[in-house]
Structure formats: structure tokens, C-alpha cells
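This is start_1.tsv. It holds TSV, C-alpha atoms.
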chain	number	residue	atom	x	y	z
A	6	MET	CA	97.32	6.43	-49.17
A	7	THR	CA	98.60	3.45	-51.12
A	8	THR	CA	96.42	0.44	-51.82
A	9	LYS	CA	99.37	-1.98	-51.38
A	10	GLU	CA	99.92	-1.33	-47.73
A	11	PRO	CA	97.45	-2.50	-45.06
A	12	ILE	CA	95.83	0.70	-43.96
A	13	HIS	CA	94.66	-0.47	-40.56
A	14	THR	CA	98.22	-0.19	-39.27
A	15	LYS	CA	98.01	3.57	-39.65
A	16	ILE	CA	94.36	4.29	-38.98
A	17	ARG	CA	93.53	7.93	-38.48
A	18	PRO	CA	90.62	8.76	-36.19
A	19	ASP	CA	88.82	10.83	-38.83
A	20	SER	CA	89.05	7.93	-41.30
A	21	VAL	CA	87.45	5.60	-38.79
A	22	ALA	CA	84.74	8.15	-37.93
A	23	GLY	CA	84.00	8.77	-41.61
A	24	GLY	CA	83.97	5.03	-42.27
A	25	LYS	CA	81.59	4.49	-39.38
A	26	ARG	CA	79.13	6.95	-40.91
A	27	ILE	CA	79.27	5.22	-44.30
A	28	PHE	CA	78.96	1.82	-42.60
A	29	GLU	CA	75.89	2.90	-40.65
A	30	GLN	CA	74.24	4.27	-43.78
A	31	ASN	CA	74.93	1.34	-46.07
A	32	CYS	CA	76.12	-1.78	-44.26
A	33	SER	CA	74.59	-1.92	-40.79
A	34	PRO	CA	71.06	-2.92	-41.95
A	35	ARG	CA	72.55	-6.20	-43.19
A	36	HIS	CA	75.61	-6.79	-41.03
A	37	GLY	CA	74.20	-5.37	-37.80
A	38	LYS	CA	74.60	-2.04	-36.10
A	39	ASN	CA	77.88	-3.12	-34.51
A	40	ALA	CA	78.91	-5.44	-37.35
A	41	GLU	CA	77.86	-8.40	-35.21
A	42	GLY	CA	76.07	-10.02	-38.16
A	43	THR	CA	72.40	-10.81	-38.72
A	44	LYS	CA	70.44	-13.94	-39.55
A	45	LYS	CA	71.31	-13.68	-43.23
A	46	ARG	CA	74.62	-11.80	-43.24
A	47	PRO	CA	77.93	-12.66	-41.59
A	48	PRO	CA	79.57	-10.75	-38.74
A	49	LEU	CA	82.47	-8.51	-39.65
A	50	ARG	CA	84.18	-8.92	-36.28
A	51	SER	CA	85.13	-12.47	-37.15
A	52	GLU	CA	88.69	-13.80	-37.21
A	53	ARG	CA	88.37	-14.20	-40.96
A	54	ILE	CA	87.65	-10.52	-41.58
A	55	GLN	CA	89.82	-9.06	-38.85
A	56	HIS	CA	92.98	-11.09	-39.34
A	57	GLU	CA	92.88	-13.37	-42.37
A	58	ALA	CA	91.54	-10.91	-44.96
A	59	THR	CA	93.86	-8.12	-46.06
A	60	ASP	CA	92.59	-4.61	-46.65
A	61	GLY	CA	93.00	-5.30	-50.37
A	62	ASP	CA	90.83	-8.42	-50.09
A	63	ILE	CA	88.04	-6.45	-48.45
A	64	HIS	CA	88.38	-3.65	-50.98
A	65	TRP	CA	88.06	-6.16	-53.81
A	66	LEU	CA	84.93	-7.63	-52.20
A	67	LEU	CA	83.34	-4.22	-51.73
A	68	LEU	CA	84.14	-3.27	-55.31
A	69	ASN	CA	82.88	-6.47	-56.93
A	70	GLY	CA	80.38	-7.74	-54.42
A	71	ASN	CA	79.40	-11.38	-54.22
A	72	MET	CA	76.17	-11.13	-56.15
A	73	LYS	CA	75.36	-14.82	-56.13
A	74	LYS	CA	75.24	-14.66	-52.34
A	75	GLY	CA	73.38	-11.35	-52.20
A	76	MET	CA	76.30	-8.99	-51.55
A	77	PRO	CA	75.97	-6.09	-53.99
A	78	SER	CA	78.84	-4.21	-55.59
A	79	TRP	CA	79.64	-0.96	-53.79
A	80	ALA	CA	81.50	0.49	-56.74
A	81	LYS	CA	79.03	3.37	-56.66
A	82	LEU	CA	80.82	4.66	-53.59
A	83	PRO	CA	84.04	6.58	-54.29
A	84	ASP	CA	87.24	4.72	-53.50
A	85	GLN	CA	88.03	7.11	-50.66
A	86	GLN	CA	84.80	6.11	-48.93
A	87	LEU	CA	85.44	2.39	-49.44
A	88	TRP	CA	88.85	2.71	-47.78
A	89	ARG	CA	87.30	4.54	-44.84
A	90	VAL	CA	84.77	1.75	-44.39
A	91	ILE	CA	87.65	-0.71	-44.36
A	92	ALA	CA	89.48	1.40	-41.78
A	93	TYR	CA	86.35	1.35	-39.60
A	94	VAL	CA	85.78	-2.40	-39.97
A	95	LYS	CA	89.41	-3.16	-39.16
A	96	SER	CA	89.26	-0.85	-36.15
A	97	LEU	CA	86.59	-3.10	-34.63
A	98	GLY	CA	89.17	-5.79	-34.06
A	99	GLN	CA	91.67	-3.59	-32.26
B	11	MET	CA	53.88	-7.57	-37.85
B	12	ASP	CA	50.56	-7.09	-39.66
B	13	MET	CA	50.08	-4.89	-42.72
B	14	LYS	CA	48.56	-1.94	-40.82
B	15	ARG	CA	51.46	-1.86	-38.43
B	16	PHE	CA	53.94	-2.17	-41.30
B	17	ILE	CA	52.36	0.80	-43.08
B	18	ALA	CA	52.33	2.80	-39.86
B	19	VAL	CA	56.02	2.01	-39.28
B	20	CYS	CA	56.83	3.09	-42.85
B	21	LEU	CA	54.94	6.38	-42.55
B	22	PHE	CA	56.35	7.32	-39.20
B	23	SER	CA	59.81	6.26	-40.23
B	24	LEU	CA	59.55	8.41	-43.34
B	25	LEU	CA	58.83	11.34	-41.06
B	26	LEU	CA	61.52	10.52	-38.58
B	27	GLY	CA	64.09	9.19	-41.01
B	28	ARG	CA	64.59	5.98	-39.07
B	29	ILE	CA	64.66	3.25	-41.68
B	30	GLY	CA	65.83	5.18	-44.68
B	31	VAL	CA	69.34	5.28	-45.97
B	32	GLY	CA	71.16	8.11	-47.70
B	33	ALA	CA	71.78	6.05	-50.78
B	34	GLN	CA	74.07	7.48	-53.41
B	35	GLU	CA	71.47	7.86	-56.13
B	36	ARG	CA	72.75	9.17	-59.44
B	37	PRO	CA	71.14	12.48	-60.41
B	38	TYR	CA	69.78	11.21	-63.75
B	39	PHE	CA	66.14	11.48	-64.80
B	40	VAL	CA	66.12	9.55	-68.09
B	41	THR	CA	69.43	7.69	-68.13
B	42	TYR	CA	69.80	4.51	-66.13
B	43	SER	CA	73.17	3.71	-64.59
B	44	GLN	CA	74.50	0.19	-64.13
B	45	GLU	CA	73.88	0.40	-60.41
B	46	MET	CA	71.20	-1.90	-59.08
B	47	GLU	CA	68.94	-1.54	-56.08
B	48	GLU	CA	70.37	-3.30	-53.05
B	49	PRO	CA	68.66	-6.63	-52.32
B	50	GLY	CA	65.67	-6.18	-50.02
B	51	ASN	CA	65.60	-2.39	-50.28
B	52	LEU	CA	62.55	-0.53	-51.56
B	53	ASP	CA	63.18	2.83	-53.18
B	54	ILE	CA	60.14	5.10	-53.52
B	55	GLU	CA	60.68	7.87	-56.04
B	56	TRP	CA	58.48	10.72	-57.20
B	57	PHE	CA	59.59	12.40	-60.41
B	58	ASN	CA	58.02	15.44	-62.05
B	59	LEU	CA	58.44	17.28	-65.29
B	60	ASP	CA	57.21	20.81	-65.89
B	61	ALA	CA	57.19	22.07	-69.49
B	62	LYS	CA	55.47	24.47	-71.89
B	63	PRO	CA	55.59	23.21	-75.49
B	64	ASN	CA	55.29	25.78	-78.25
B	65	GLY	CA	51.62	26.24	-79.15
B	66	ALA	CA	50.35	23.97	-76.36
B	67	ASN	CA	49.36	24.25	-72.72
B	68	ARG	CA	51.85	24.02	-69.87
B	69	PHE	CA	51.82	20.62	-68.18
B	70	VAL	CA	53.28	18.68	-65.29
B	71	GLY	CA	53.89	14.99	-65.84
B	72	SER	CA	54.49	12.92	-62.70
B	73	ASN	CA	55.29	9.38	-61.88
B	74	ILE	CA	55.71	7.53	-58.65
B	75	GLU	CA	58.06	4.60	-58.76
B	76	PHE	CA	58.55	1.62	-56.48
B	77	GLU	CA	61.96	0.10	-57.07
B	78	TYR	CA	62.82	-3.13	-55.31
B	79	GLY	CA	66.07	-5.04	-55.19
B	80	VAL	CA	65.03	-8.65	-55.78
B	81	LYS	CA	68.59	-9.94	-56.02
B	82	ALA	CA	71.94	-8.20	-56.20
B	83	TRP	CA	71.77	-8.73	-60.01
B	84	TRP	CA	68.02	-8.14	-60.48
B	85	THR	CA	66.00	-4.98	-59.81
B	86	SER	CA	62.28	-4.66	-60.45
B	87	GLU	CA	60.36	-1.41	-60.66
B	88	PHE	CA	56.71	-0.44	-60.94
B	89	TYR	CA	55.54	3.03	-62.06
B	90	LEU	CA	52.24	4.87	-61.89
B	91	ASP	CA	51.98	7.91	-64.18
B	92	VAL	CA	49.72	10.98	-64.08
B	93	GLN	CA	49.73	14.31	-65.86
B	94	MET	CA	48.14	17.69	-65.25
B	95	THR	CA	47.64	20.02	-68.19
B	96	GLN	CA	46.82	23.67	-67.67
B	97	HIS	CA	43.37	24.72	-69.00
B	98	ASP	CA	42.60	21.04	-69.60
B	99	SER	CA	42.50	18.21	-67.04
B	100	THR	CA	44.39	15.93	-64.68
B	101	ILE	CA	44.43	12.29	-65.72
B	102	PHE	CA	45.96	8.99	-64.76
B	103	THR	CA	47.98	7.97	-67.79
B	104	GLY	CA	48.91	4.39	-67.00
B	105	PHE	CA	51.53	2.10	-65.54
B	106	ARG	CA	54.89	0.59	-66.38
B	107	TRP	CA	56.70	-2.43	-65.02
B	108	GLU	CA	60.38	-2.88	-65.68
B	109	ASN	CA	63.09	-5.31	-64.74
B	110	ARG	CA	66.84	-4.82	-64.93
B	111	PHE	CA	69.32	-7.67	-65.02
B	112	ARG	CA	73.05	-7.48	-64.61
B	113	PRO	CA	74.60	-10.38	-66.55
B	114	LEU	CA	78.22	-9.88	-65.41
B	115	LEU	CA	78.48	-10.34	-61.68
B	116	ARG	CA	81.82	-8.59	-61.24
B	117	GLU	CA	82.81	-4.98	-61.73
B	118	HIS	CA	84.37	-4.21	-65.13
B	119	TRP	CA	85.47	-1.10	-66.98
B	120	ILE	CA	82.11	-1.15	-68.75
B	121	ASN	CA	79.23	-2.87	-66.99
B	122	PRO	CA	76.24	-3.94	-69.07
B	123	VAL	CA	72.69	-4.17	-67.73
B	124	ILE	CA	69.70	-5.50	-69.67
B	125	TYR	CA	66.45	-3.56	-69.18
B	126	ALA	CA	63.00	-4.79	-70.20
B	127	GLU	CA	59.78	-2.85	-69.60
B	128	PHE	CA	56.10	-3.33	-70.30
B	129	GLU	CA	54.03	-0.18	-70.46
B	130	ASN	CA	50.33	0.52	-70.77
B	131	ILE	CA	49.98	4.28	-71.10
B	132	SER	CA	48.13	7.00	-72.95
B	133	ALA	CA	48.65	10.76	-73.12
B	134	ASP	CA	51.90	10.30	-71.23
B	135	LYS	CA	53.77	13.50	-70.43
B	136	THR	CA	56.58	12.28	-68.20
B	137	LEU	CA	59.12	11.98	-71.03
B	138	ARG	CA	60.93	9.12	-69.33
B	139	GLU	CA	62.45	8.45	-72.71
B	140	VAL	CA	62.47	10.00	-76.17
B	141	VAL	CA	62.22	7.53	-79.04
B	142	GLY	CA	61.30	7.49	-82.71
B	143	HIS	CA	60.02	10.88	-83.83
B	144	ASP	CA	58.81	12.09	-80.44
B	145	GLY	CA	58.65	15.86	-80.28
B	146	GLY	CA	56.90	18.99	-79.10
B	147	PRO	CA	53.90	18.63	-81.48
B	148	ASP	CA	52.93	15.38	-79.68
B	149	PHE	CA	51.74	17.45	-76.72
B	150	ALA	CA	49.35	19.69	-78.65
B	151	ASP	CA	46.29	17.40	-78.48
B	152	PRO	CA	43.85	17.91	-75.59
B	153	ASN	CA	43.79	15.10	-73.03
B	154	SER	CA	40.36	13.90	-74.20
B	155	ILE	CA	41.81	13.07	-77.61
B	156	ALA	CA	45.33	12.05	-76.58
B	157	SER	CA	44.02	9.55	-74.03
B	158	LEU	CA	42.19	7.62	-76.76
B	159	ASP	CA	45.55	6.55	-78.17
B	160	ARG	CA	46.58	3.87	-75.66
B	161	ALA	CA	50.06	2.47	-76.11
B	162	ARG	CA	50.77	-1.04	-74.91
B	163	GLY	CA	54.34	-1.72	-75.65
B	164	ILE	CA	57.70	-3.02	-74.61
B	165	GLU	CA	60.84	-1.04	-74.12
B	166	LEU	CA	64.28	-2.58	-74.15
B	167	ARG	CA	67.49	-0.86	-73.12
B	168	LEU	CA	71.10	-1.80	-73.17
B	169	ILE	CA	72.61	0.07	-70.24
B	170	LEU	CA	76.38	0.51	-70.14
B	171	GLY	CA	77.96	2.11	-67.13
B	172	SER	CA	81.42	2.84	-65.78
B	173	ASN	CA	82.76	4.22	-62.53
B	174	PHE	CA	86.16	5.89	-62.54
B	175	LYS	CA	87.73	8.13	-59.90
B	176	GLY	CA	84.34	9.06	-58.50
B	177	TRP	CA	82.79	9.72	-61.91
B	178	ASN	CA	79.93	7.67	-63.25
B	179	VAL	CA	79.37	7.60	-67.00
B	180	SER	CA	76.28	5.77	-68.23
B	181	GLU	CA	74.96	5.23	-71.75
B	182	ASN	CA	71.59	3.77	-72.75
B	183	VAL	CA	70.53	2.48	-76.16
B	184	ILE	CA	66.73	2.31	-76.28
B	185	ALA	CA	64.41	0.27	-78.51
B	186	GLU	CA	60.65	0.54	-78.06
B	187	LYS	CA	57.89	-1.39	-79.78
B	188	ASN	CA	54.20	-0.69	-79.54
B	189	LEU	CA	52.43	-4.06	-79.57
B	190	SER	CA	50.16	-2.83	-82.35
B	191	ASN	CA	51.42	-2.78	-85.91
B	192	VAL	CA	53.94	0.06	-85.75
B	193	PRO	CA	57.70	-0.07	-86.31
B	194	TRP	CA	60.40	-0.29	-83.66
B	195	GLU	CA	61.44	3.13	-82.39
B	196	PHE	CA	64.90	3.97	-81.13
B	197	GLY	CA	66.47	6.46	-78.79
B	198	TYR	CA	69.52	7.15	-76.66
B	199	ALA	CA	70.40	8.66	-73.32
B	200	TRP	CA	73.66	9.28	-71.55
B	201	GLY	CA	74.79	10.98	-68.41
B	202	ALA	CA	77.92	11.71	-66.42
B	203	SER	CA	78.00	12.67	-62.77
B	204	ARG	CA	80.23	12.85	-59.73
B	205	PRO	CA	79.80	13.57	-56.02
B	206	LEU	CA	81.17	17.02	-55.21
B	207	GLY	CA	83.20	15.49	-52.39
B	208	LEU	CA	84.70	12.00	-52.56
B	209	ALA	CA	85.76	11.41	-48.95
B	210	ALA	CA	83.31	10.79	-46.12
B	211	SER	CA	83.54	13.50	-43.51
B	212	ALA	CA	84.07	12.43	-39.94
B	213	HIS	CA	80.99	14.19	-38.60
B	214	ASP	CA	77.35	14.31	-39.59
B	215	CYS	CA	76.76	17.20	-41.94
B	216	THR	CA	73.87	18.60	-43.93
B	217	PHE	CA	75.43	20.60	-46.73
B	218	CYS	CA	78.90	19.08	-47.01
B	219	LYS	CA	80.15	18.34	-50.52
B	220	GLU	CA	79.72	14.56	-50.33
B	221	LYS	CA	75.95	15.07	-49.99
B	222	PHE	CA	75.73	16.61	-53.48
B	223	GLN	CA	76.13	15.01	-56.87
B	224	ALA	CA	76.24	17.00	-60.07
B	225	GLY	CA	76.52	16.12	-63.71
B	226	LEU	CA	75.15	16.39	-67.19
B	227	GLU	CA	72.45	14.43	-68.99
B	228	MET	CA	71.52	14.26	-72.67
B	229	TYR	CA	68.91	12.17	-74.49
B	230	GLY	CA	66.92	12.07	-77.69
B	231	GLY	CA	65.31	10.04	-80.47
B	232	LEU	CA	66.97	8.08	-83.23
B	233	GLY	CA	63.98	7.55	-85.53
B	234	ASP	CA	62.33	4.25	-86.29
B	235	THR	CA	62.83	1.15	-88.41
B	236	TYR	CA	61.85	3.00	-91.60
B	237	SER	CA	63.72	6.25	-90.98
B	238	LEU	CA	66.67	5.98	-88.68
B	239	GLY	CA	68.46	9.18	-87.76
B	240	THR	CA	68.43	12.26	-85.59
B	241	HIS	CA	66.19	14.42	-87.79
B	242	LEU	CA	62.48	15.04	-87.07
B	243	THR	CA	62.89	14.00	-83.47
B	244	SER	CA	63.75	15.83	-80.28
B	245	HIS	CA	66.94	16.07	-78.25
B	246	TYR	CA	67.50	17.50	-74.79
B	247	ALA	CA	70.50	18.27	-72.59
B	248	GLY	CA	71.06	19.94	-69.28
B	249	PRO	CA	72.91	20.00	-65.99
B	250	THR	CA	71.57	17.90	-63.15
B	251	VAL	CA	72.14	17.91	-59.41
B	252	ASN	CA	70.91	16.06	-56.34
B	253	TRP	CA	71.26	16.42	-52.58
B	254	ILE	CA	70.84	13.83	-49.87
B	255	ALA	CA	69.06	15.36	-46.87
B	256	PRO	CA	70.03	14.19	-43.36
B	257	ASN	CA	66.93	11.97	-43.04
B	258	GLY	CA	67.89	10.08	-46.21
B	259	VAL	CA	65.53	11.80	-48.65
B	260	THR	CA	67.19	12.63	-51.97
B	261	PHE	CA	66.12	15.76	-53.86
B	262	SER	CA	66.99	16.07	-57.54
B	263	PHE	CA	66.67	18.92	-60.00
B	264	SER	CA	67.55	19.44	-63.63
B	265	PRO	CA	66.74	22.23	-66.08
B	266	GLN	CA	66.97	20.76	-69.58
B	267	PHE	CA	66.97	22.45	-72.94
B	268	GLY	CA	65.62	21.41	-76.31
B	269	LEU	CA	68.43	21.22	-78.85
B	270	ASN	CA	66.35	21.67	-82.01
B	271	ASP	CA	63.08	23.24	-83.16
B	272	TYR	CA	61.26	19.91	-82.84
B	273	SER	CA	61.96	19.79	-79.10
B	274	ILE	CA	60.14	21.51	-76.23
B	275	PRO	CA	62.28	24.61	-75.54
B	276	ARG	CA	62.77	24.01	-71.80
B	277	LEU	CA	62.03	21.21	-69.36
B	278	TYR	CA	62.27	21.47	-65.58
B	279	ARG	CA	62.62	18.14	-63.83
B	280	PHE	CA	62.55	17.60	-60.10
B	281	GLY	CA	62.32	14.51	-57.97
B	282	VAL	CA	62.19	13.20	-54.44
B	283	ALA	CA	63.40	9.71	-53.52
B	284	TYR	CA	63.40	7.74	-50.32
B	285	GLU	CA	64.87	4.32	-49.75
B	286	ILE	CA	63.45	1.94	-47.16
B	287	ASP	CA	66.18	-0.36	-46.01
B	288	GLN	CA	65.40	-4.09	-45.92
B	289	SER	CA	61.74	-3.25	-46.47
B	290	PHE	CA	60.20	-6.69	-46.09
B	291	SER	CA	62.17	-7.50	-42.96
B	292	HIS	CA	59.65	-5.22	-41.24
B	293	PHE	CA	57.07	-7.99	-41.74
B	294	HIS	CA	59.08	-10.36	-39.59
B	295	ARG	CA	58.34	-10.55	-35.91
B	296	GLY	CA	60.86	-8.74	-33.76
B	297	SER	CA	62.87	-7.32	-36.62
B	298	ALA	CA	61.45	-3.83	-36.86
B	299	GLU	CA	64.38	-2.33	-35.01
Would you mind writing the structure in this file as C-alpha cells?
Amino acid sequence: MTTKEPIHTKIRPDSVAGGKRIFEQNCSPRHGKNAEGTKKRPPLRSERIQHEATDGDIHWLLLNGNMKKGMPSWAKLPDQQLWRVIAYVKSLGQ
Amino acid sequence: MDMKRFIAVCLFSLLLGRIGVGAQERPYFVTYSQEMEEPGNLDIEWFNLDAKPNGANRFVGSNIEFEYGVKAWWTSEFYLDVQMTQHDSTIFTGFRWENRFRPLLREHWINPVIYAEFENISADKTLREVVGHDGGPDFADPNSIASLDRARGIELRLILGSNFKGWNVSENVIAEKNLSNVPWEFGYAWGASRPLGLAASAHDCTFCKEKFQAGLEMYGGLGDTYSLGTHLTSHYAGPTVNWIAPNGVTFSFSPQFGLNDYSIPRLYRFGVAYEIDQSFSHFHRGSAE
């Protein structure tokens, strides 16, 4: 899988299922069980995430975080897992 | 939600695994990685060390740690330490409070973290660090005598950590100063680890490779201000492994070996950790679910 090509155009079901598991373990307490957002954290079903942000943009954000705004770096997760989370998040808009 | 209900929710959730997360904890016991606690999460850890120094009684040193993510760049941790020595006694040895700060807010090849700790301990046997001329002979005194020597001090660490292709490599440079009139003492620790599986499997699993992390850890003393060096101090190394159980509890184990005659020949470390997600949100009305 190349990092230059948007991966959501060729989502595989097992990638989405694996990404969903990682999302539920690490992201859903802040972004909501169905990525609908919470009081303090934005929804991930928004137009901005689903259509404006590329897979690479989201990968960069997961890797670096946005620590000033409370988003931690997820560099502790292997790259393969980060890409599966992205596949899952992008699948929510399809 | 009042305090009693909060505690009840925590206890039941610990049993049922409802609010915990299977966080990817590194399997290190002495080395700190650059990874911070997630903001709002409370990690409760129980670490133990079993050892039999030459010419001294076998002991178990334990500490319970409460690690809280204050900000994405700031983690605070409070420790309570106890030790049990065979043919002697069980005593509370003191407390520690540490804070870790990540000055660079983006991910780099090498990520520095500043660590500052205050400790008030005596007769400590947890070996959470080795500094100065620490060694096996320090554990020969009975608890009644060792506990008279109370150490109030600060410990500073420069933590450097890197993640690459699933591997984490972390190095710590340690400087410790007792607040009484003794010199600075120095030490080091490093570790490398990797999950056994990098991809997330599509289905829930208990013993799949991604649930295990394995690696190597090594640490030791570097003398003090008056006599820097690796002689007359102890050094340890050993493999280390952890496993994340389905309910989010992480179990860690490491057999470690003394690398010179001044060290304890063998250490057995084991730990249990549990992370409560968004811990203080359980105080807010209607947010327990």
C-alpha cells in the first residue's frame, strides 16, 4: 500500500474492520462511538474530514497530533494500524 | 455523579472491562519512552520486583502508580512504594511524584521529554532506577536500620525516544540529587521493543500477535560527581514482554540479569496496568456511558 495514493478508493473490508477495532479502543472515547463527536472533540463524519482532508493529511495528524488542542500523537501505533484507522474513518462517509 | 458512585463505576468497570482501553504500553520497567499519557486518561499500574541479593534476604518491592494525562504534552504520576523482605518485615517505603513534559509538539526522529521527580523514600527496594554506586550490598541491612536513612531527593531524566517501522527505541539519562549534602548521582537506561504483529486484525482476538510486545531493556549506574564511571555500580539487562488482555489489562514480565559482581544476580519483574479512559468525565452528569 502506497502512502501517495488515497487509500479509501480501494478499501478492503478487513482493513475497515481492523481500523474499527483500533478506533474503538483509542479514538471513540473522545470522538464518540460512531465518530459523531463529543462536547470537546470534533466529529469525524464532517465534510472537512470526509472530503477535504486527504488520507495523507489525516495520517500526518495522527502521527504528529495537535498537542496544543489536546490531540495526542499516535506515533506509538504502527503505521499499518494508523492506515487502517484512516480506512475506517473514510468508510464512514461512503 | 458523586464520589461513591464514581468509585463503584471504576471498580465494576475494572471487573467488566467497560471503561478501560487496550493501550499500547511499552514493556519497559525502568526506561521511560517518549510516549505520554493521553489527556484525561488515568493509568493505574502495579509493578513488582522479586530478587535475592547475595548474602541478603529475598525481597519483593512493589509500587502502585497513578499516571494521569494532564495535557497532550504533560503527564503527571504519583507512586506509593512498599517492600516485603523475607525473615524481616513489610514496610511502606514512601512516595514519589513525577512530571514529564514534551517540549517539541511534533513527531521527530528523536523526541525529547523532560522528566522531573520528587521522592521521599527509605529502604526502597523497587529499583525503579540505578544511580551512583547502587548495588547488591545496599540491600543487606535489615529494614529497621535501612528505614532510618530517609532520602528526600529530586530525580531528573532526559528521555529520548524514536519510533521506526514499529520499533520503539528509548534512552534515558538520569541525574539524582538527595536534598541533603551528597553529590549528584548518575545513571542510564535504554530499551527497544516492538509489537509482534503490526497490523490490526479484523476480528477480536486474545492471543494474536498484535497483543504482544517484546523487547530488551538495560540500565545501570554511572557513578557520582566525584567518581564518574561504570565501576563499583550495578548494571542489569534482560528481555521483556507484555500482553494486552481482552478487557484492557496489560500484563508485563521481565527476567533481568546482573552484569557484574556488584549487581544482584537475577531480578524478576512483573506488572499489571489498567487504563481508565477519560477518567474525570465520569464525574460529569450523564457522561458515564
| Taking all atoms listed in the file into account, what are the residues of chain B at most 10 Å from chain A, put as a PyMOL selection string? | chain B and resi 29-36+43-51+80-84+112+114-118+172-178+204-205+207-214+220+258+287-288+299
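Note that the spacing between CA of Gly42 in chain A and CA of Val94 in chain A amounts to 12.5 Å.
Atom to atom, CA of Tyr229 in chain B and CA of Glu181 in chain B stand 9.6 Å apart.
Within 7 Å of range 232-246 of chain B there are Val141, Gly142, His143, Asp144, Gly145, Pro193, Trp194, Glu195, Phe196, Gly197, Gln266, Phe267, Gly268, Leu269, Asn270, Tyr272 and Ser273 of chain B, counting only C-alpha atoms and ignoring same-chain residues fewer than 5 positions away.
All residues of protein, DNA or RNA that reach within 8 Å of range 165-171 of chain B, judged by all atoms listed in the file and not counting those fewer than 3 positions away in the chain, are Tyr42, Ser43, Gln44, Ile120, Asn121, Pro122, Val123, Ile124, Tyr125, Ala126, Glu127, Phe128, Glu129, Asn178, Val179, Ser180, Glu181, Asn182, Val183, Ile184, Ala185, Glu186 and Lys187 of chain B.
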| Contacts of Pro48 in chain A at 10 Å (all atoms listed in the file; same-chain gap of 4+ positions) as a VMD selection string | chain A and resid 35 to 37 39 to 44 52 to 54
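In this model, the gap between CA of Phe39 in chain B and CA of Ala133 in chain B comes to 19.4 Å.
Nearest-residue note for Asn109 in chain B: choosing from B:Glu77, B:Phe149, B:Val140, B:Ser132, the minimum distance belongs to B:Glu77, counting all atoms listed in the file.
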